[in-house]
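Comments concern the structure below.
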Amino acid sequence: MASKNKPIRWGIIGAGGIAKAFLLGLNGTDSGDLVAIGSRNPTKASLKTDFPGARIHGSYEALLADPEVDAVYIATPHPGHAEWGIKAAEAGKHALIEKPLGLTAFQAEAMFDAAKKAGTFMGEAFMYRLHPQTQLLIDVVTSGVIGEVRLIKTSFGFAMPGFMPEHRLYKNDLAGGGILDVGCYVTSISRLIAGAAAGKPFLDPVKTLGVAHLGLEGTDEWASAVLKFPNEIIAEISCSVSVQQDNVLRIIGTLGRIEVKDFWFVSGPRDGSPGTFDVILRDGKKQTHGGKKGKPLYAYEADAAAAAIHAGRQQFDAPGMSWADTLGNLRTLDKWRADAGLEFNIEKAPKRGGTTIRGDKLKAPRAGALGKRQITGISQPTSKVAMGFEYFPSFGGASILLDAFYERGGNLFDTAWAYGAGRSEKFFGQWQKSRGVKRDSYILIGKGIHTPLNYPDQIGRQLSESLDRLQTDHVDIYFMHRDNEEVPVGEFVDALNAEVKAGRIKDAFGGSNWSRARMDAAIKYAGKHGLMAPNALSNNFALAEMVNPVWAGCVAASDDEWKAWLKRRKMPVFSWSSQARGFFTDAAGRDKFDNEEIVNSWYSPRNFKRRDRAVKLAAELGKTPIQIALAYVLNHTLEVVPLIGPRSIGELENSIEATGIELSREQVKWLEG
C-alpha cells in the first residue's frame with residue numbers, strides 16, 4: 001500500500017489511447033509515477049515506447065499481484081470495468097476506473113461494496129470534474145450573474161469515419177454506442193450544474209425521458225434525453241458516435257447564459273493549454289472566464305486520487321465523482337438506455353453464460369454465511385431468509401444479487417407469476433440454467449392467481465407458465481397471491497391438491513394475504529375430504545404493525561390475534577415487508593412525511609414506540625434499527641421466514657449481518673412493548 005505522502009505507484013490495466021492520456025497527465029504531476037502496465041499483448045512493440053520505464057505484465061492478474069503497485073488505473077473497454085475493479089479491491093489495490101465505472105448502477109454498487117470491504121479507494125475517472133476550471137464554472141453559476149438557472153443544453157457527439165462493426169464504439173459485445181461512452185458526460189455535467197444551482201454537489205433528475213437510434217450492431221449511434229430536476233431545471237442532452245454535433249454546453253438563466261465549448265476538455269486540449277468559457281448577458285454583453293495555463297488535463301484526477309488515498313478516504317470529494325454521484329449518474333443512464341430499448345447482448349444470459357460479475361464461475365455456497373433452519377413442512381433446510389428480486393429490470397442486474405445470495409448460502413427464492421409480467425421468473429430460470437445450479441440445491445417459492453385472476457382454474461394455467469419461465473418442473477412452496485371470497489374455499493383446495501398430486505407443488509401450499517377465517521375453512525375442508533391442507537401462510541409479519549394495507553387486498557398477521565392463531569396452528573408465516581418497507585431506516589423516527597406509503601401504512605403511536613426501542617437496542621448492540629427489525633422477526637417464538645428484496649449487494653450484506661443477531665425472548669417482548 002502507499003506510504004503516506006509518498007508518490008503513488010501506479011499500474012495501468014489496458015494499454016489503449018485513454019491509458020496514454022492518463023500517463024500524459026501523470027507525468028505532469030508529482031503525486032504519482034507509473035511503475036507497471038498490464039497487457040494481454042505484452043510483446044507489442046509500442047508498449048515500451050508508449051509507457052517508457054514501466055514493467056510490462058503479461059496479464060491483468062499479474063499486475064494486481066505486483067507488490068510495487070499501490071493503485072491501478074483501469075483503462076479497459078467498459079465491460080471489463082466491473083470485473084477488474086472488484087478484483088483490484090480484493091487484491092488491496094486502490095482503483096481509478098475510466099468512465100463509465102460500470103455498465104449499470106447495479107454493477108457499480110457491487111464494485112463499491114468490494115472497495116468498502118477492502119478499505120481501498122475507488123473512483124470514477126471523469127477528468128473534467130476535477131479540473132480547476134470546472135470549479136470556476138460552478139462559482140460563476142452560483143454567483144447569480146446569469147440569474148436563476150432554467151435550462152441546460154449540451155451535446156457530446158462526433159462522427160466516426162464510416163460504420164465499423166468491430167470497433168469498440170460500435171461493437172455490441174464491447175457495450176458500444178454513445179450513451180455509455182459520451183452520454184455519461186452530458187448526463188454528469190447536467191447533474192453537476194443542476195446541483196450547483198441548488199447549492200448541492202449534484203442533483204439526480206426526478207424524470208428522465210430517453211430515445212436513441214440503434215444501428216446494425218444494436219448499439220446507439222445517436223441518442224437524446226430530457227432530464228427534469230427537482231428544482232425545475234430541465235436539461236436537453238444528446239450524444240453520438242456517427243453524427244458530428246456542436247458540443248457546446250449552454251447553461252441558460254433568467255439573466256443570461258454560459259457557453260462552454262467541449263466542456264469535457266474544460267475548453268482546452270489535454271496538454272493543459274488555456275481554455276475559456278463565456279457568459280453572455282441578455283443585453284448581449286460578453287464576459288470571458290478562464291484561460292489560465294494549467295497542468296495536463298488528466299493530472300488533476302491523479303492528484304485528487306492520490307490526495308484521497310493519503311487521507312484514507314475511499315472516494316473523491318466534490319466536484320469529483322463521489323460514490324453517490326456515480327450511482328446517480330448510472331441510474332440516469334440506465335433509464336435512458338431502458339427508454340431507448342438498449343440492452344447489450346453481454347448483459348443477457350445466453351451471452352454472459354455462467355460467469356459472475358467477477359468473471360468467474362459461480363462459487364459453492366459459503367458455509368455459515370447465512371445459516372440454515374428447518375421449516376415445518378419443508379423437506380430440506382432453508383436459508384434464514386428468502387430473497388425476492390422483482391425490482392430488477394434486466395438479467396444483468398438480477399444475476400448480481402442472485403449470485404451473491406447463493407454464494408453466501410442463500411437457497412430460498414421468492415418468485416411470483418405477476419412480478420414484472422413474468423420477468424423475474426424468467427431471470428431466475430435463466431440464472432439457474434446458465435449457472436448450472438442443481439435443482440435440489442435450492443427451494444423455490446411460487447405465487448399465482450393475483451387479483452383479478454384469482455380463480456381456481458387459473459392456478460394450473462399460471463403455474464404452467466411459471467414453471468416454463470423458471471425452467472423447472474416444480475415449485476417447493478406455492479401461495480395463492482390473493483383470496484377471492486366469492487369462490488367456495490374448497491375449489492381452491494381441490495385445485496391445489498391436483499397440482500400436488502401432479503408433482504408440480506412439492507412441499508407446501510397456502511394463502512398469501514388470506515384471512516384467518518378463510519384459512520380455517522380451507523383446513524377444515526381438506527380434513528373432511530382427506531386432502532392435503534394448507535400448511536403455510538404468506539402475510540405481512542413485522543415489528544411494525546401494518547395500519548393500512550400497502551396494496552389493495554394485503555393482509556397483515558402481526559397483531560395479537562394473529563400471533564395466537566399462528567401459535568395454535570403451528571404454521572410458518574413467510575412474511576413479506578418483514579422490515580416494514582423502510583419504516584425503520586430513519587433513526588430520528590419522524591421525518592418521512594414525504595413518503596405517502598410509509599405514513600399511510602406504518603405511522604401509529606404504537607409503531608413509533610417500537611421504532612424508538614429498535615433504535616435504542618441497535619445502539620446498544622452496535623447495529624442499525626433496520627437490522628433489529630429483521631432480527632425481531634428471525635428471533636420470534638413463532639416460525640417466521642422473512643422475504644427480503646435487496647436492491648444492492650450492500651443491502652443484501654446488511655440483511656445477512658442481521659441474521660446473525662441473537663435476541664432473547666425478553667428482548668423480543670420488550671421490542672413489542
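Ligands are numbered from 1 in the order shown, residues from 1 within each chain, and chains are lettered A, B, ... in the order they appear in the C-alpha cells.
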
Distance query segment 58-60 of chain A at most 10 Å, only C-alpha atoms, self and fewer than 3 positions along chain excluded, as number ranges by chain = A: 11-14, 37-43, 55, 63-65, 74, 84, 87-88

query = Nearest to Gly218 of chain A: which of A:Gly312, A:Gly80, A:Gly341, A:Pro319 is it, counting only C-alpha atoms?
reply =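 Looking only at the distances to Gly218 of chain A, the closest residue turns out to be A:Gly341.
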
ask   = Counting only C-alpha atoms, what is within 9 Å of segment 650-664 of chain A, bar same-chain residues fewer than 4 positions away, as a PyMOL selection string?
value = chain A and resi 109-110+112-113+369-371+384-385+401+404-405+408+621+623-624+626-632+634-636+644-646+668-669

Resulting file, chosen residues, C-alpha atoms, as a tab-separated table (two decimals), in the first residue's frame:
```
chain	number	residue	atom	x	y	z
A	109	GLU	CA	-22.97	-0.92	-6.30
A	110	ALA	CA	-21.19	-4.28	-6.31
A	112	PHE	CA	-18.23	-0.06	-4.29
A	113	ASP	CA	-19.18	-2.85	-1.91
A	369	ALA	CA	-22.71	-17.13	5.98
A	370	LEU	CA	-26.50	-17.11	6.04
A	371	GLY	CA	-27.20	-20.12	8.22
A	384	LYS	CA	-32.91	-17.97	7.25
A	385	VAL	CA	-34.32	-15.52	4.72
A	401	LEU	CA	-27.85	-10.35	-6.48
A	404	ALA	CA	-24.28	-13.10	-4.24
A	405	PHE	CA	-27.21	-14.58	-2.32
A	408	ARG	CA	-23.43	-16.63	0.74
A	621	LEU	CA	-25.70	-3.81	20.05
A	623	LYS	CA	-26.31	-2.45	14.79
A	624	THR	CA	-28.89	-0.45	12.83
A	626	ILE	CA	-33.49	-1.90	10.27
A	627	GLN	CA	-31.29	-4.84	11.30
A	628	ILE	CA	-33.05	-5.03	14.66
A	629	ALA	CA	-36.39	-5.13	12.83
A	630	LEU	CA	-35.22	-8.16	10.85
A	631	ALA	CA	-33.68	-9.78	13.92
A	632	TYR	CA	-37.01	-9.41	15.75
A	634	LEU	CA	-35.99	-14.11	12.99
A	635	ASN	CA	-35.86	-14.50	16.79
A	636	HIS	CA	-39.60	-14.61	17.36
A	644	ILE	CA	-36.27	-9.76	1.67
A	645	GLY	CA	-35.88	-7.74	-1.51
A	646	PRO	CA	-32.37	-6.23	-1.55
A	668	VAL	CA	-38.30	-9.62	21.64
A	669	LYS	CA	-41.11	-8.95	24.12
```

request  = List every residue of segment 175-230 of chain A that DSSP, applied to the backbone, labels as strand (DSSP E), and write the result as a ChimeraX atom specification.
outcome  = /A:207-214,220-228

Only N, CA and C atoms, please: the residues just picked out, written as a JSON list (two decimals), in the first residue's frame.
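Final output, saved to again-v7.json:
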```json
[["chain", "number", "residue", "atom", "x", "y", "z"],
["A", 207, "LYS", "N", -37.18, 12.97, -13.38],
["A", 207, "LYS", "CA", -37.76, 12.35, -14.57],
["A", 207, "LYS", "C", -36.72, 12.32, -15.67],
["A", 208, "THR", "N", -36.60, 11.17, -16.33],
["A", 208, "THR", "CA", -35.69, 11.01, -17.46],
["A", 208, "THR", "C", -36.46, 10.40, -18.61],
["A", 209, "LEU", "N", -36.40, 11.02, -19.77],
["A", 209, "LEU", "CA", -37.04, 10.52, -20.97],
["A", 209, "LEU", "C", -35.98, 10.41, -22.05],
["A", 210, "GLY", "N", -35.71, 9.19, -22.51],
["A", 210, "GLY", "CA", -34.62, 8.99, -23.45],
["A", 210, "GLY", "C", -35.05, 8.30, -24.73],
["A", 211, "VAL", "N", -34.35, 8.61, -25.81],
["A", 211, "VAL", "CA", -34.55, 7.96, -27.11],
["A", 211, "VAL", "C", -33.19, 7.72, -27.74],
["A", 212, "ALA", "N", -33.15, 6.83, -28.72],
["A", 212, "ALA", "CA", -31.89, 6.57, -29.42],
["A", 212, "ALA", "C", -32.17, 5.88, -30.75],
["A", 213, "HIS", "N", -31.24, 6.04, -31.67],
["A", 213, "HIS", "CA", -31.24, 5.26, -32.90],
["A", 213, "HIS", "C", -30.28, 4.10, -32.70],
["A", 214, "LEU", "N", -30.78, 2.88, -32.82],
["A", 214, "LEU", "CA", -29.94, 1.69, -32.69],
["A", 214, "LEU", "C", -29.55, 1.22, -34.08],
["A", 220, "ASP", "N", -26.33, 2.23, -29.78],
["A", 220, "ASP", "CA", -26.88, 3.55, -30.09],
["A", 220, "ASP", "C", -25.86, 4.40, -30.84],
["A", 221, "GLU", "N", -26.23, 4.82, -32.04],
["A", 221, "GLU", "CA", -25.34, 5.63, -32.86],
["A", 221, "GLU", "C", -25.58, 7.12, -32.63],
["A", 222, "TRP", "N", -26.80, 7.49, -32.30],
["A", 222, "TRP", "CA", -27.10, 8.83, -31.81],
["A", 222, "TRP", "C", -28.29, 8.74, -30.86],
["A", 223, "ALA", "N", -28.30, 9.60, -29.86],
["A", 223, "ALA", "CA", -29.32, 9.49, -28.81],
["A", 223, "ALA", "C", -29.52, 10.83, -28.13],
["A", 224, "SER", "N", -30.70, 11.03, -27.60],
["A", 224, "SER", "CA", -31.02, 12.26, -26.87],
["A", 224, "SER", "C", -31.87, 11.91, -25.65],
["A", 225, "ALA", "N", -31.85, 12.80, -24.67],
["A", 225, "ALA", "CA", -32.67, 12.62, -23.47],
["A", 225, "ALA", "C", -33.04, 13.98, -22.91],
["A", 226, "VAL", "N", -34.14, 14.00, -22.18],
["A", 226, "VAL", "CA", -34.56, 15.19, -21.45],
["A", 226, "VAL", "C", -34.62, 14.81, -19.98],
["A", 227, "LEU", "N", -33.98, 15.63, -19.15],
["A", 227, "LEU", "CA", -33.95, 15.40, -17.71],
["A", 227, "LEU", "C", -34.66, 16.55, -17.01],
["A", 228, "LYS", "N", -35.50, 16.22, -16.05],
["A", 228, "LYS", "CA", -36.12, 17.25, -15.23],
["A", 228, "LYS", "C", -35.66, 17.04, -13.79]]
```

inquiry  = So that I can check the secondary structure, give me every residue of segment 288-331 of chain A assigned alpha helix (DSSP H) by backbone DSSP, as a ChimeraX atom specification.
reply    = /A:299-311,323-331

key: Proximity to Thr376 of chain A - best of A:Leu101, A:Met546, A:Ala15, A:Val641, only C-alpha atoms   =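 Going through A:Leu101, A:Met546, A:Ala15, A:Val641 one by one, the smallest distance to Thr376 of chain A is for A:Val641.
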
inquiry  = Report as a PyMOL selection string all protein, DNA and RNA residues lying within 8 Å of Asn600 of chain A, evaluated on only C-alpha atoms, omitting residues in the same chain fewer than 4 positions from it.
reply    = chain A and resi 547-548+550+596
